[in-house]
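S.K.: Here you go, this is upload07.csv (CSV, C-alpha atoms).
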chain,number,residue,atom,x,y,z
A,1,MET,CA,-13.6,-62.8,11.4
A,2,PRO,CA,-16.7,-62.9,13.7
A,3,ILE,CA,-18.5,-59.6,14.1
A,4,LYS,CA,-18.1,-59.7,17.9
A,5,PHE,CA,-14.4,-60.1,17.7
A,6,ARG,CA,-14.1,-57.2,15.3
A,7,LEU,CA,-16.0,-55.0,17.7
A,8,ASN,CA,-13.8,-56.0,20.6
A,9,ILE,CA,-10.7,-55.1,18.5
A,10,LYS,CA,-12.3,-51.8,17.6
A,11,ASN,CA,-13.1,-51.1,21.3
A,12,LEU,CA,-9.5,-52.0,22.2
A,13,ILE,CA,-8.1,-49.5,19.6
A,14,ILE,CA,-10.4,-46.8,20.9
A,15,ALA,CA,-9.4,-47.5,24.5
A,16,VAL,CA,-5.7,-47.3,23.6
A,17,TRP,CA,-6.3,-44.1,21.7
A,18,VAL,CA,-8.2,-42.5,24.6
A,19,LEU,CA,-5.4,-43.5,27.0
A,20,SER,CA,-2.7,-42.1,24.8
A,21,ILE,CA,-4.6,-38.8,24.5
A,22,SER,CA,-5.0,-38.7,28.3
A,23,ALA,CA,-1.4,-39.4,28.9
A,24,CYS,CA,-0.4,-36.7,26.5
A,25,HIS,CA,-2.7,-34.2,28.2
A,26,ASP,CA,-1.5,-35.2,31.7
A,27,SER,CA,2.2,-34.9,30.6
A,28,VAL,CA,1.9,-31.1,30.3
A,29,LYS,CA,0.3,-30.6,33.7
A,30,THR,CA,2.7,-29.3,36.3
A,31,LYS,CA,3.1,-30.6,39.8
A,32,GLN,CA,1.7,-27.2,41.0
A,33,ASN,CA,-1.8,-28.2,39.6
A,34,SER,CA,-3.0,-29.9,42.8
A,35,LYS,CA,-6.0,-27.7,43.7
A,36,PRO,CA,-8.2,-27.1,40.6
A,37,ASN,CA,-10.2,-23.9,40.3
A,38,GLN,CA,-8.7,-22.1,43.3
A,39,GLY,CA,-6.5,-19.1,43.8
A,40,ILE,CA,-4.6,-17.5,40.9
A,41,ARG,CA,-3.2,-19.5,38.1
A,42,LEU,CA,-1.0,-19.0,35.0
A,43,PHE,CA,-1.7,-21.0,31.9
A,44,VAL,CA,0.6,-21.5,28.8
A,45,LEU,CA,-1.7,-20.8,25.8
A,46,GLY,CA,1.0,-20.7,23.2
A,47,THR,CA,4.8,-21.2,22.7
A,48,ILE,CA,5.6,-20.5,19.1
A,49,GLN,CA,7.3,-17.5,17.5
A,50,ASP,CA,5.3,-14.8,15.7
A,51,GLY,CA,5.1,-16.5,12.3
A,52,GLY,CA,3.5,-19.6,13.7
A,53,SER,CA,4.0,-23.3,12.8
A,54,PRO,CA,3.5,-24.4,10.1
A,55,HIS,CA,5.3,-21.3,8.9
A,56,ILE,CA,4.4,-19.4,5.7
A,57,GLY,CA,6.6,-20.4,2.8
A,58,CYS,CA,8.3,-23.2,4.7
A,59,LYS,CA,9.3,-26.2,2.6
A,60,LYS,CA,11.3,-28.0,5.3
A,61,LEU,CA,10.3,-31.2,7.0
A,62,CYS,CA,9.5,-29.3,10.2
A,63,CYS,CA,6.4,-27.9,8.6
A,64,ALA,CA,5.6,-30.4,5.8
A,65,HIS,CA,3.2,-32.6,7.7
A,66,LEU,CA,1.6,-29.7,9.6
A,67,PHE,CA,0.2,-28.1,6.5
A,68,ASN,CA,-2.0,-31.2,6.1
A,69,THR,CA,-2.7,-32.3,9.6
A,70,GLY,CA,-2.3,-29.1,11.8
A,71,ASN,CA,-1.3,-29.3,15.4
A,72,GLN,CA,-3.2,-27.8,18.3
A,73,SER,CA,0.0,-27.5,20.3
A,74,ARG,CA,1.4,-25.0,17.8
A,75,LYS,CA,-0.1,-21.7,19.0
A,76,ILE,CA,1.8,-18.4,19.0
A,77,VAL,CA,3.3,-17.4,22.4
A,78,SER,CA,0.7,-16.3,24.9
A,79,LEU,CA,-0.1,-16.7,28.6
A,80,GLY,CA,-3.4,-16.6,30.4
A,81,LEU,CA,-4.1,-15.5,34.0
A,82,ILE,CA,-7.1,-16.5,36.0
A,83,ASP,CA,-8.2,-15.3,39.4
A,84,TYR,CA,-10.7,-17.9,40.6
A,85,THR,CA,-11.6,-15.8,43.6
A,86,THR,CA,-12.6,-12.6,41.8
A,87,LYS,CA,-13.6,-14.5,38.7
A,88,LYS,CA,-11.4,-12.4,36.4
A,89,THR,CA,-9.2,-13.3,33.5
A,90,TRP,CA,-6.3,-11.7,31.6
A,91,LEU,CA,-4.5,-12.4,28.4
A,92,ILE,CA,-0.8,-11.7,27.9
A,93,GLU,CA,-0.2,-11.0,24.2
A,94,ALA,CA,-2.8,-10.5,21.5
A,95,THR,CA,-1.6,-13.1,18.9
A,96,PRO,CA,-3.1,-14.1,15.6
A,97,ASP,CA,-4.3,-17.2,17.5
A,98,ILE,CA,-6.4,-15.0,19.8
A,99,THR,CA,-9.7,-16.6,18.9
A,100,SER,CA,-8.8,-20.1,20.1
A,101,GLN,CA,-6.7,-18.7,23.0
A,102,ILE,CA,-9.6,-16.7,24.4
A,103,TYR,CA,-11.9,-19.7,24.0
A,104,LYS,CA,-9.4,-21.8,25.9
A,105,LEU,CA,-9.0,-19.2,28.6
A,106,ASN,CA,-12.8,-19.0,29.0
A,107,LYS,CA,-13.1,-22.8,29.2
A,108,LEU,CA,-10.4,-23.0,31.8
A,109,ALA,CA,-12.0,-20.2,33.9
A,110,ASN,CA,-15.5,-21.6,33.5
A,111,PHE,CA,-17.1,-18.4,34.7
A,112,ALA,CA,-20.7,-17.8,33.7
A,113,ASN,CA,-21.2,-15.4,30.7
A,114,LYS,CA,-17.4,-14.8,30.4
A,115,THR,CA,-16.6,-14.2,26.7
A,116,THR,CA,-13.7,-11.7,26.8
A,117,PRO,CA,-10.7,-11.2,29.2
A,118,ASP,CA,-10.7,-8.4,31.8
A,119,GLY,CA,-7.5,-7.1,30.2
A,120,ILE,CA,-4.9,-7.7,27.6
A,121,PHE,CA,-1.2,-7.0,28.2
A,122,ILE,CA,1.1,-6.6,25.2
A,123,THR,CA,4.9,-6.7,25.2
A,124,HIS,CA,5.6,-5.0,21.9
A,125,ALA,CA,4.5,-4.2,18.3
A,126,HIS,CA,5.6,-7.3,16.4
A,127,ILE,CA,2.9,-9.2,14.6
A,128,GLY,CA,2.7,-12.2,16.9
A,129,HIS,CA,2.2,-10.1,20.0
A,130,TYR,CA,-0.4,-7.5,19.0
A,131,ALA,CA,-2.0,-8.4,15.6
A,132,GLY,CA,-4.7,-10.4,17.3
A,133,LEU,CA,-6.3,-7.1,18.4
A,134,MET,CA,-7.9,-6.9,14.9
A,135,TYR,CA,-10.3,-9.7,15.9
A,136,LEU,CA,-11.8,-7.3,18.5
A,137,GLY,CA,-13.0,-4.9,15.8
A,138,LYS,CA,-16.3,-4.6,14.0
A,139,GLU,CA,-15.4,-7.2,11.3
A,140,ALA,CA,-15.2,-9.9,14.0
A,141,LEU,CA,-16.1,-9.6,17.7
A,142,GLY,CA,-17.2,-5.9,17.9
A,143,ALA,CA,-15.9,-5.8,21.5
A,144,LYS,CA,-16.8,-3.2,24.0
A,145,ALA,CA,-13.9,-1.3,25.6
A,146,ILE,CA,-11.7,-4.3,26.4
A,147,PRO,CA,-8.8,-2.9,28.5
A,148,VAL,CA,-5.5,-3.1,26.7
A,149,PHE,CA,-2.3,-2.3,28.6
A,150,ALA,CA,0.6,-0.9,26.5
A,151,MET,CA,3.8,1.1,26.9
A,152,PRO,CA,3.8,4.7,25.8
A,153,ARG,CA,5.1,4.3,22.3
A,154,LEU,CA,2.9,1.3,21.6
A,155,LYS,CA,-0.1,3.2,23.0
A,156,THR,CA,0.6,6.1,20.6
A,157,TYR,CA,1.2,3.8,17.7
A,158,LEU,CA,-2.2,2.0,18.2
A,159,GLU,CA,-4.0,5.3,18.6
A,160,THR,CA,-2.6,7.0,15.6
A,161,ASN,CA,-2.2,4.3,12.9
A,162,GLY,CA,-5.0,2.4,11.2
A,163,PRO,CA,-6.5,-0.1,11.4
A,164,TRP,CA,-5.7,-0.1,15.1
A,165,SER,CA,-6.8,3.5,15.6
A,166,GLN,CA,-10.3,2.4,14.6
A,167,LEU,CA,-10.4,0.0,17.5
A,168,VAL,CA,-9.9,3.0,19.7
A,169,SER,CA,-12.3,5.4,18.0
A,170,GLN,CA,-15.0,2.6,17.9
A,171,ASN,CA,-14.4,1.9,21.6
A,172,ASN,CA,-13.5,-1.7,20.9
A,173,ILE,CA,-10.5,-1.3,23.1
A,174,ALA,CA,-9.6,1.1,25.9
A,175,ILE,CA,-5.8,1.6,26.2
A,176,SER,CA,-4.2,2.1,29.6
A,177,GLN,CA,-0.6,3.2,29.6
A,178,LEU,CA,2.1,1.1,31.3
A,179,PHE,CA,5.4,2.5,32.7
A,180,SER,CA,8.6,0.5,33.0
A,181,ASP,CA,9.1,-0.9,36.6
A,182,SER,CA,5.7,0.4,37.6
A,183,SER,CA,3.2,-2.2,38.7
A,184,ILE,CA,-0.4,-2.6,37.6
A,185,VAL,CA,-2.5,-4.1,40.5
A,186,LEU,CA,-4.9,-6.7,39.3
A,187,GLY,CA,-6.2,-7.8,42.7
A,188,LYS,CA,-5.1,-8.5,46.3
A,189,SER,CA,-1.4,-9.4,46.2
A,190,PHE,CA,-1.6,-9.8,42.4
A,191,SER,CA,0.2,-7.5,40.0
A,192,ILE,CA,2.1,-7.2,36.7
A,193,THR,CA,5.2,-5.1,36.2
A,194,PRO,CA,6.8,-4.3,32.8
A,195,LEU,CA,10.5,-4.4,32.4
A,196,LEU,CA,12.1,-2.7,29.3
A,197,VAL,CA,14.3,-5.0,27.3
A,198,PRO,CA,16.4,-4.3,24.1
A,199,HIS,CA,14.8,-5.5,20.9
A,200,ARG,CA,14.0,-4.4,17.4
A,201,ASP,CA,11.8,-1.5,18.4
A,202,GLU,CA,10.5,-0.2,15.0
A,203,TYR,CA,7.1,0.8,16.2
A,204,SER,CA,7.2,0.5,20.0
A,205,GLU,CA,9.4,-0.3,22.9
A,206,THR,CA,9.7,-3.9,24.1
A,207,VAL,CA,9.0,-5.2,27.6
A,208,GLY,CA,8.9,-8.4,29.5
A,209,PHE,CA,6.6,-8.8,32.5
A,210,VAL,CA,7.0,-9.8,36.1
A,211,ILE,CA,3.7,-11.4,37.3
A,212,LYS,CA,3.4,-11.6,41.0
A,213,GLY,CA,0.7,-13.6,42.8
A,214,PRO,CA,0.0,-14.0,46.5
A,215,ASN,CA,2.4,-17.0,46.7
A,216,LYS,CA,4.6,-17.2,43.7
A,217,SER,CA,5.8,-15.0,40.8
A,218,ALA,CA,6.8,-15.5,37.1
A,219,LEU,CA,9.1,-13.7,34.7
A,220,PHE,CA,8.0,-13.5,31.0
A,221,ILE,CA,10.5,-12.3,28.4
A,222,PRO,CA,9.6,-13.8,25.0
A,223,ASP,CA,11.7,-11.4,23.0
A,224,ILE,CA,15.1,-9.8,23.6
A,225,ASN,CA,18.1,-9.2,21.3
A,226,LYS,CA,20.8,-10.7,23.6
A,227,TRP,CA,21.0,-11.1,27.3
A,228,ALA,CA,24.5,-9.4,27.4
A,229,ILE,CA,23.2,-6.0,26.2
A,230,TRP,CA,20.3,-5.8,28.7
A,231,GLY,CA,20.9,-3.4,31.6
A,232,LYS,CA,19.8,-6.2,34.0
A,233,SER,CA,21.3,-9.6,34.8
A,234,ILE,CA,18.9,-12.3,33.6
A,235,ALA,CA,20.4,-14.7,36.1
A,236,THR,CA,19.6,-12.3,38.9
A,237,GLU,CA,16.1,-11.8,37.6
A,238,ILE,CA,15.5,-15.5,37.5
A,239,LYS,CA,16.6,-15.8,41.2
A,240,LYS,CA,13.8,-13.3,42.1
A,241,VAL,CA,11.0,-15.3,40.7
A,242,ASP,CA,9.5,-18.9,40.9
A,243,TYR,CA,9.1,-19.4,37.2
A,244,ALA,CA,11.0,-17.8,34.2
A,245,PHE,CA,9.6,-18.0,30.7
A,246,VAL,CA,12.5,-16.8,28.5
A,247,ASP,CA,13.3,-16.3,24.8
A,248,ALA,CA,14.3,-19.5,23.0
A,249,THR,CA,13.5,-18.5,19.4
A,250,PHE,CA,16.5,-20.3,18.0
A,251,TYR,CA,18.4,-23.2,19.4
A,252,ASP,CA,21.5,-22.1,17.6
A,253,GLY,CA,22.6,-20.1,14.5
A,254,ASN,CA,22.4,-23.0,12.1
A,255,GLU,CA,18.6,-23.1,11.8
A,256,ILE,CA,18.0,-20.3,9.3
A,257,SER,CA,19.5,-20.6,5.8
A,258,SER,CA,17.2,-18.3,3.9
A,259,ARG,CA,17.7,-15.2,6.0
A,260,ASN,CA,20.6,-13.4,7.7
A,261,ILE,CA,20.4,-14.4,11.3
A,262,SER,CA,21.9,-11.1,12.4
A,263,GLU,CA,18.8,-9.4,11.2
A,264,ILE,CA,16.6,-11.3,13.7
A,265,PRO,CA,18.8,-11.3,16.8
A,266,HIS,CA,17.7,-13.4,19.8
A,267,PRO,CA,19.8,-15.2,22.5
A,268,PHE,CA,20.4,-18.7,21.1
A,269,VAL,CA,19.4,-21.5,23.6
A,270,ILE,CA,23.0,-22.8,23.5
A,271,GLU,CA,24.1,-19.3,24.6
A,272,SER,CA,21.5,-19.2,27.4
A,273,LEU,CA,22.5,-22.6,28.7
A,274,LYS,CA,26.1,-21.4,28.9
A,275,LEU,CA,25.1,-18.2,30.7
A,276,PHE,CA,22.8,-20.1,33.1
A,277,ALA,CA,25.4,-22.9,33.8
A,278,SER,CA,26.5,-21.4,37.2
A,279,LEU,CA,22.9,-21.3,38.5
A,280,SER,CA,22.0,-23.8,41.2
A,281,ARG,CA,19.8,-26.8,40.3
A,282,GLN,CA,16.9,-25.1,42.0
A,283,GLU,CA,17.3,-21.9,39.9
A,284,LYS,CA,17.7,-23.9,36.7
A,285,ASP,CA,14.4,-25.7,37.5
A,286,LYS,CA,12.6,-22.4,37.2
A,287,ILE,CA,13.5,-21.9,33.6
A,288,HIS,CA,11.0,-22.6,30.9
A,289,PHE,CA,12.2,-21.8,27.3
A,290,ILE,CA,9.4,-20.4,25.1
A,291,HIS,CA,8.8,-18.5,21.8
A,292,PHE,CA,10.1,-21.2,19.4
A,293,ASN,CA,10.8,-20.6,15.8
A,294,HIS,CA,9.2,-23.3,13.6
A,295,THR,CA,12.8,-24.6,12.9
A,296,ASN,CA,13.7,-25.0,16.6
A,297,PRO,CA,14.5,-28.6,17.4
A,298,LEU,CA,13.1,-28.0,20.9
A,299,LEU,CA,9.7,-28.5,19.4
A,300,ASN,CA,10.6,-32.1,19.0
A,301,PRO,CA,10.7,-33.7,22.5
A,302,SER,CA,12.8,-36.6,21.2
A,303,SER,CA,15.5,-34.3,19.7
A,304,LYS,CA,19.0,-34.1,21.1
A,305,ALA,CA,18.4,-30.4,21.8
A,306,SER,CA,15.3,-31.2,24.0
A,307,GLN,CA,17.2,-33.9,25.9
A,308,GLU,CA,20.1,-31.5,26.4
A,309,VAL,CA,17.8,-28.9,28.0
A,310,GLU,CA,16.3,-31.5,30.3
A,311,ARG,CA,19.7,-32.8,31.3
A,312,PHE,CA,20.7,-29.2,32.1
A,313,GLY,CA,17.8,-29.0,34.5
A,314,ALA,CA,15.6,-26.5,32.6
A,315,HIS,CA,12.4,-27.1,30.7
A,316,VAL,CA,10.7,-26.6,27.3
A,317,ALA,CA,7.4,-24.8,27.8
A,318,LYS,CA,4.4,-26.7,26.5
A,319,ILE,CA,0.9,-25.5,25.7
A,320,GLY,CA,-1.5,-26.5,28.5
A,321,GLN,CA,0.9,-26.2,31.4
A,322,VAL,CA,-0.5,-24.7,34.6
A,323,PHE,CA,1.3,-22.8,37.3
A,324,GLU,CA,0.0,-21.6,40.6
A,325,LEU,CA,0.7,-18.0,41.6
Do you think you could lay out the structure here as structure tokens?
M.R.:
Amino acid sequence: MPIKFRLNIKNLIIAVWVLSISACHDSVKTKQNSKPNQGIRLFVLGTIQDGGSPHIGCKKLCCAHLFNTGNQSRKIVSLGLIDYTTKKTWLIEATPDITSQIYKLNKLANFANKTTPDGIFITHAHIGHYAGLMYLGKEALGAKAIPVFAMPRLKTYLETNGPWSQLVSQNNIAISQLFSDSSIVLGKSFSITPLLVPHRDEYSETVGFVIKGPNKSALFIPDINKWAIWGKSIATEIKKVDYAFVDATFYDGNEISSRNISEIPHPFVIESLKLFASLSRQEKDKIHFIHFNHTNPLLNPSSKASQEVERFGAHVAKIGQVFEL
């Protein structure tokens, strides 16, 4: 084959590859992303359950290829908030993927000399939601008084148990106490309000967050035992906001064979779909399932489960999505 022809083929392959990457990237942008670098925005930085994906000890097909290739879309559940007017950023959840998530948040913000967020909000003391704090200590970043917002039991837990207490004594973090249903003001017409939810509260209480911007609002509940035992109606709470990121750890009860599913209670997606069936099409469109176990078929956009969610009118959250607030 002539050299010129081989180069043309090579260039064609590269062009197709670039276009495919671009298409994949564009596919996770939302229709709200029309005015870049303005106002207040919410970014999906992770969608996976605490144990990550690939998952430690997993020998199933869902993880087999990931151990060799990795996947940048498999980050533990986290949201980022950016106020482009005040040039401030916030991280929701301190996950074991915090290093890459803070890097991504800074890149999205593109503010000069920004290396750490202006605050970190934590829902509860399960490893995927607070263990990333360890990277703020002297073994890694050696941060200076990063504001961490936590509920009373979580605040006490962090202050009185090592290694977390060292972060406090070394002034790597400065903990501010949250109170249920009481808002923390982040800026003009911009606030976060914690909502207590029932979960496995071994070391702390568990909350979800209502994030209100000047124009739109979002509900974030990555962990809850079951919707039916919550003191609030999830359907009603969805109606109050513009976006709802809700617990979808397991699609159904058949995913886990090695552990007793009753020991790790979450609302199955099939249960949530049944519960949300009476919502209008407009309300269903607000729902973005998140916090997927590595076994969850929703991680495969071609699966019957993913297609069922889309037919229902709801959505599967994807890393990289952007929502205007």
S.K.: Just want the 10 Å neighbourhood of Glu237 (chain A), counted on all atoms listed in the file, with same-chain residues fewer than 4 positions away dropped. Output as a list of chain:residue names.
M.R.: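 My list of contacting residues is A:Val210, A:Leu219, A:Lys232, A:Ser233, A:Val241, A:Ala244.
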S.K.: Please measure the separation of CA of Ser180 (chain A) and CA of Ile211 (chain A), giving the value in Å to one decimal.
M.R.: 13.6 Å
S.K.: When you count only C-alpha atoms, which of these residues is closest to Pro147 (chain A): A:Thr123, A:Thr116, A:Thr236, A:Thr160?
M.R.: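 The answer is A:Thr116, which sits nearest to Pro147 (chain A).
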S.K.: Compile the contact shell of Lys155 (chain A) as a list in words: residues with an atom at most 9 Å away, counting only C-alpha atoms, same-chain residues fewer than 2 positions apart removed.
M.R.: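 Near Lys155 (chain A), the qualifying residues are Phe149, Ala150, Met151, Pro152, Arg153, Tyr157, Leu158, Glu159, Thr160, Ile175, Ser176, Gln177, Leu178 and Ser204 of chain A.
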S.K.: Tell me, counting only C-alpha atoms, for each residue of region 116-182 of chain A within 9 Å of region 65-88 of chain A, which pair of atoms is nearest and how far apart they are in Å to one decimal, in rows ordered by chain and increasing number, as a tab-separated table.
M.R.:
residue	atom	partner	partner_atom	distance
A:Pro117	CA	A:Lys88	CA	7.3
A:Asp118	CA	A:Lys88	CA	6.1
A:Gly128	CA	A:Ile76	CA	6.6
A:His129	CA	A:Val77	CA	7.8
S.K.: Could you please take those selected residues and save C-alpha atoms as a PDB file, keeping the file's coordinate frame?
M.R.:
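Output saved as result35.pdb:
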ATOM      1  CA  PRO A 117     -10.700 -11.200  29.200  1.00  0.00           C
ATOM      2  CA  ASP A 118     -10.700  -8.400  31.800  1.00  0.00           C
ATOM      3  CA  GLY A 128       2.700 -12.200  16.900  1.00  0.00           C
ATOM      4  CA  HIS A 129       2.200 -10.100  20.000  1.00  0.00           C
TER       5      HIS A 129
END
S.K.: Report the distance between CA of His199 (chain A) and CA of Asn225 (chain A) in Å, rounded to one decimal place.
M.R.: 5.0 Å
S.K.: As an exercise, work out the distance from CA of Ile98 (chain A) to CA of Pro54 (chain A) in Å and give it to one decimal place.
M.R.: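 Computed distance, CA of Ile98 (chain A) to CA of Pro54 (chain A), equals 16.7 Å.
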S.K.: Name the closest residue to Asn293 (chain A) among the candidates A:Gly51, A:Gly142, A:Gly39, A:Pro96; distances are taken between atoms, counting all atoms listed in the file.
M.R.: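 Nearest to Asn293 (chain A): A:Gly51.
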S.K.: Measuring between all atoms listed in the file, which one of A:Ser303, A:Gly313, A:Tyr243, A:Gly119 shows the shortest distance to Leu273 (chain A)?
M.R.: A:Gly313
S.K.: For Asp285 (chain A), which residue among A:Asp252, A:Glu271, A:Glu93, A:Asp242 is the nearest when counting all atoms listed in the file?
M.R.: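 Selected residue with least distance to Asp285 (chain A): A:Asp242.
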S.K.: Identify which of the residues A:Val309, A:Ile127, A:Met134, A:Leu195 lies closest to Val168 (chain A), counting all atoms listed in the file when measuring atom-to-atom distances.
M.R.: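 Among the listed residues, the smallest separation from Val168 (chain A) belongs to A:Met134.
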S.K.: If we count only C-alpha atoms and set the cut-off at 8 Å, which residues sit around Asp247 (chain A), ignoring sequence neighbours fewer than 5 positions away in its own chain? Please answer as a PyMOL selection string.
M.R.: chain A and resi 221-224+266-267+289-292
